[in-house]
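Engineer: I have a structure here, written as structure tokens, and I will follow up with some questions on it.
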Amino acid sequence: MLILGLSSSTARVSVAVGDGERVLASAASSDDRRHAEDLMPMVVDVLGRAGCEVADLQRLAVDVGPGRFTGLRVGVATARALALALDLEVVPASSLELLARAEDARPLGVIIDARRNEVFQQVYTADGGEGPATVGRPEELLEALPPGAVLVGDGADRYSEIYDAGGEGRTRLEGREPSAAVLVAVAAERSALPGRSITPLYLRDPDVQINIRTRP
């Protein structure tokens, strides 16, 4: 099964294509403000290096967040458009899950920068359990991280002073980002959904909202 994975919920845009057993080609870009410009050219490049065409794809997968509003909307909109054009189904996956799946360490704290001095956070326990995805200020969510946890994600990197001073035997691994290669592996294991049903995972309201009370 040929699967195309798209991840753009953080500053890093990642694309990969795989056959369910191995990744055939992948690419990534870390230009924070070029998600819309970079994503489709990366898809064309990855498909070309994998020796296949868009018509060969049998399934799509997309990182639905949480993350940056613009970036994750770009990824979801692209996946939905491709699904409609190619008559394919899509596997959605959380950005927090993708980070967790890339690490063997448990307990694990996955922390993504949510801006506005907040982070998205999820805990994966030593016994294989997982806590709820939450959003809040890093100093407020620090208590939820178990002693001895390994911390990953750009939120842990941005607020390193808080997490490094948190103590209790926790360690922080730098430079971890959601990966489309991991996404392709996840997509090979689970059921897909119609593209029109795929929506971004928001854990808080948008930064900008229309105030309809001011309109006549």
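Residue numbering restarts at 1 for every chain of the structure tokens, chains are lettered A, B, ... in their displayed order, and ligands are numbered from 1 as they appear.
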Can you tell me, as an MDAnalysis selection string, what residues are no more than 12 Å from A:Gly75 when counting only C-alpha atoms, ignoring any on the same chain fewer than 5 positions away?
Structural biologist: chainID A and resid 4:10 12:15 35:40 43 60:70 80:82 90 92:93 95 180 198:201
Engineer: So which residues touch stretch 152-169 of chain A within 8 Å, counting only C-alpha atoms, skipping near sequence neighbours fewer than 5 positions away, as a count of residues only?
Structural biologist: 18
Engineer: Between A:Tyr202, A:Val46, A:Ser29, A:Arg196, which has the minimum distance to A:Ala85 (counting only C-alpha atoms)?
Structural biologist: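 That would be A:Arg196, the residue with the smallest distance to A:Ala85.
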Engineer: Between A:Ala28, A:Arg190, A:Ala55, A:Gly131, single out the one closest to A:Met42, counting only C-alpha atoms.
Structural biologist: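 The shortest atom-to-atom distance to A:Met42 comes from A:Ala28.
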Engineer: As a list in words, please: all residues of stretch 121-151 of chain A that backbone DSSP puts in alpha helix (DSSP H).
Structural biologist: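 Filtering stretch 121-151 of chain A to alpha helix (DSSP H) leaves Pro138, Glu139, Glu140 and Leu141 of chain A.
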Engineer: For A:Glu130, find every residue with an atom within 12 Å (counting only C-alpha atoms), except residues of its own chain fewer than 5 positions away, and show them as number ranges by chain.
Structural biologist: A: 96-97, 100-101, 106-110, 121-125, 144-146
Engineer: Could you save those same residues with N, CA and C atoms as a compact mmCIF listing (two decimals), in the first residue's frame?
Structural biologist:
# COMPACT_ATOMS: atom_id res chain seq x y z
N LEU A 96 1.06 15.11 18.81
CA LEU A 96 1.59 14.61 20.08
C LEU A 96 1.89 13.12 19.98
N GLU A 97 0.98 12.38 19.34
CA GLU A 97 1.20 10.95 19.16
C GLU A 97 2.42 10.68 18.28
N ALA A 100 5.47 10.97 20.27
CA ALA A 100 5.59 9.86 21.22
C ALA A 100 6.00 8.57 20.52
N ARG A 101 5.47 8.34 19.33
CA ARG A 101 5.77 7.10 18.61
C ARG A 101 7.24 7.04 18.17
N ARG A 106 9.89 5.77 28.23
CA ARG A 106 8.68 5.96 29.02
C ARG A 106 9.09 5.99 30.50
N PRO A 107 8.52 6.87 31.31
CA PRO A 107 7.46 7.82 30.96
C PRO A 107 7.99 8.94 30.07
N LEU A 108 7.06 9.50 29.29
CA LEU A 108 7.42 10.50 28.29
C LEU A 108 6.46 11.68 28.38
N GLY A 109 7.02 12.87 28.34
CA GLY A 109 6.22 14.07 28.27
C GLY A 109 6.40 14.73 26.91
N VAL A 110 5.33 14.81 26.13
CA VAL A 110 5.37 15.44 24.80
C VAL A 110 4.82 16.85 24.92
N GLN A 121 0.41 19.69 25.82
CA GLN A 121 1.18 18.67 26.54
C GLN A 121 0.38 17.38 26.68
N GLN A 122 1.09 16.26 26.57
CA GLN A 122 0.48 14.95 26.80
C GLN A 122 1.53 14.04 27.44
N VAL A 123 1.09 13.23 28.40
CA VAL A 123 1.97 12.34 29.13
C VAL A 123 1.71 10.89 28.73
N TYR A 124 2.78 10.16 28.46
CA TYR A 124 2.73 8.73 28.16
C TYR A 124 3.44 8.02 29.32
N THR A 125 2.73 7.15 30.02
CA THR A 125 3.24 6.57 31.25
C THR A 125 4.06 5.30 31.01
N ALA A 144 2.20 17.86 36.13
CA ALA A 144 1.62 16.66 35.54
C ALA A 144 2.67 15.72 34.96
N LEU A 145 3.91 16.20 34.82
CA LEU A 145 4.97 15.38 34.26
C LEU A 145 5.55 14.48 35.34
N PRO A 146 5.52 13.16 35.16
CA PRO A 146 5.97 12.26 36.21
C PRO A 146 7.48 12.34 36.44
Engineer: Kindly indicate which residue among A:Glu140, A:Ser26, A:Pro178, A:Gly128 lies nearest to A:Leu72, using only C-alpha atoms for the distances.
Structural biologist: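 Among the listed residues, A:Pro178 lies closest to A:Leu72.
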Engineer: So which bits of stretch 130-191 of chain A end up strand (DSSP E) when you DSSP the backbone, as a PyMOL selection string?
Structural biologist: chain A and resi 134-136+150-152+171-172
Engineer: Given the selection you just returned, output its residues as a file containing N, CA, C and O atoms, formatted as a PDB file, in the first residue's frame.
Structural biologist:
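What landed in result-v3.pdb:
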ATOM      1  N   THR A 134      -3.553  18.359  26.813  1.00  0.00           N
ATOM      2  CA  THR A 134      -3.950  19.562  27.533  1.00  0.00           C
ATOM      3  C   THR A 134      -3.224  20.777  26.961  1.00  0.00           C
ATOM      4  O   THR A 134      -2.251  20.644  26.211  1.00  0.00           O
ATOM      5  N   VAL A 135      -3.694  21.957  27.332  1.00  0.00           N
ATOM      6  CA  VAL A 135      -3.038  23.194  26.938  1.00  0.00           C
ATOM      7  C   VAL A 135      -2.984  24.117  28.145  1.00  0.00           C
ATOM      8  O   VAL A 135      -3.925  24.169  28.944  1.00  0.00           O
ATOM      9  N   GLY A 136      -1.864  24.820  28.305  1.00  0.00           N
ATOM     10  CA  GLY A 136      -1.722  25.735  29.429  1.00  0.00           C
ATOM     11  C   GLY A 136      -0.303  26.276  29.498  1.00  0.00           C
ATOM     12  O   GLY A 136       0.547  25.977  28.653  1.00  0.00           O
ATOM     13  N   VAL A 150      11.123  11.589  30.262  1.00  0.00           N
ATOM     14  CA  VAL A 150      11.876  12.187  29.167  1.00  0.00           C
ATOM     15  C   VAL A 150      10.953  13.182  28.477  1.00  0.00           C
ATOM     16  O   VAL A 150       9.791  12.867  28.195  1.00  0.00           O
ATOM     17  N   LEU A 151      11.441  14.385  28.195  1.00  0.00           N
ATOM     18  CA  LEU A 151      10.620  15.456  27.614  1.00  0.00           C
ATOM     19  C   LEU A 151      11.073  15.740  26.193  1.00  0.00           C
ATOM     20  O   LEU A 151      12.271  15.898  25.930  1.00  0.00           O
ATOM     21  N   VAL A 152      10.115  15.796  25.268  1.00  0.00           N
ATOM     22  CA  VAL A 152      10.436  16.073  23.868  1.00  0.00           C
ATOM     23  C   VAL A 152       9.434  17.067  23.294  1.00  0.00           C
ATOM     24  O   VAL A 152       8.317  17.209  23.793  1.00  0.00           O
ATOM     25  N   THR A 171      14.614  14.448  32.072  1.00  0.00           N
ATOM     26  CA  THR A 171      15.608  14.835  31.088  1.00  0.00           C
ATOM     27  C   THR A 171      14.904  15.344  29.836  1.00  0.00           C
ATOM     28  O   THR A 171      13.773  14.954  29.542  1.00  0.00           O
ATOM     29  N   ARG A 172      15.571  16.204  29.095  1.00  0.00           N
ATOM     30  CA  ARG A 172      14.972  16.820  27.910  1.00  0.00           C
ATOM     31  C   ARG A 172      15.825  16.498  26.687  1.00  0.00           C
ATOM     32  O   ARG A 172      17.032  16.681  26.693  1.00  0.00           O
TER      33      ARG A 172
END
Engineer: May I ask which of the residues A:Ala149, A:Ala105, A:Leu24, A:Ala16 is the closest one to A:Val182, counting only C-alpha atoms?
Structural biologist: A:Ala16
Engineer: Measure the distance from atom CA of A:Ala50 to atom CA of A:Leu183 in Å and round it to one decimal.
Structural biologist: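 So the answer is 16.7 Å.
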Engineer: Take atom CA of A:Ala102 and atom CA of A:Ala27 and report the distance between them in Å, one decimal.
Structural biologist: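 Between atom CA of A:Ala102 and atom CA of A:Ala27 the gap is 16.6 Å.
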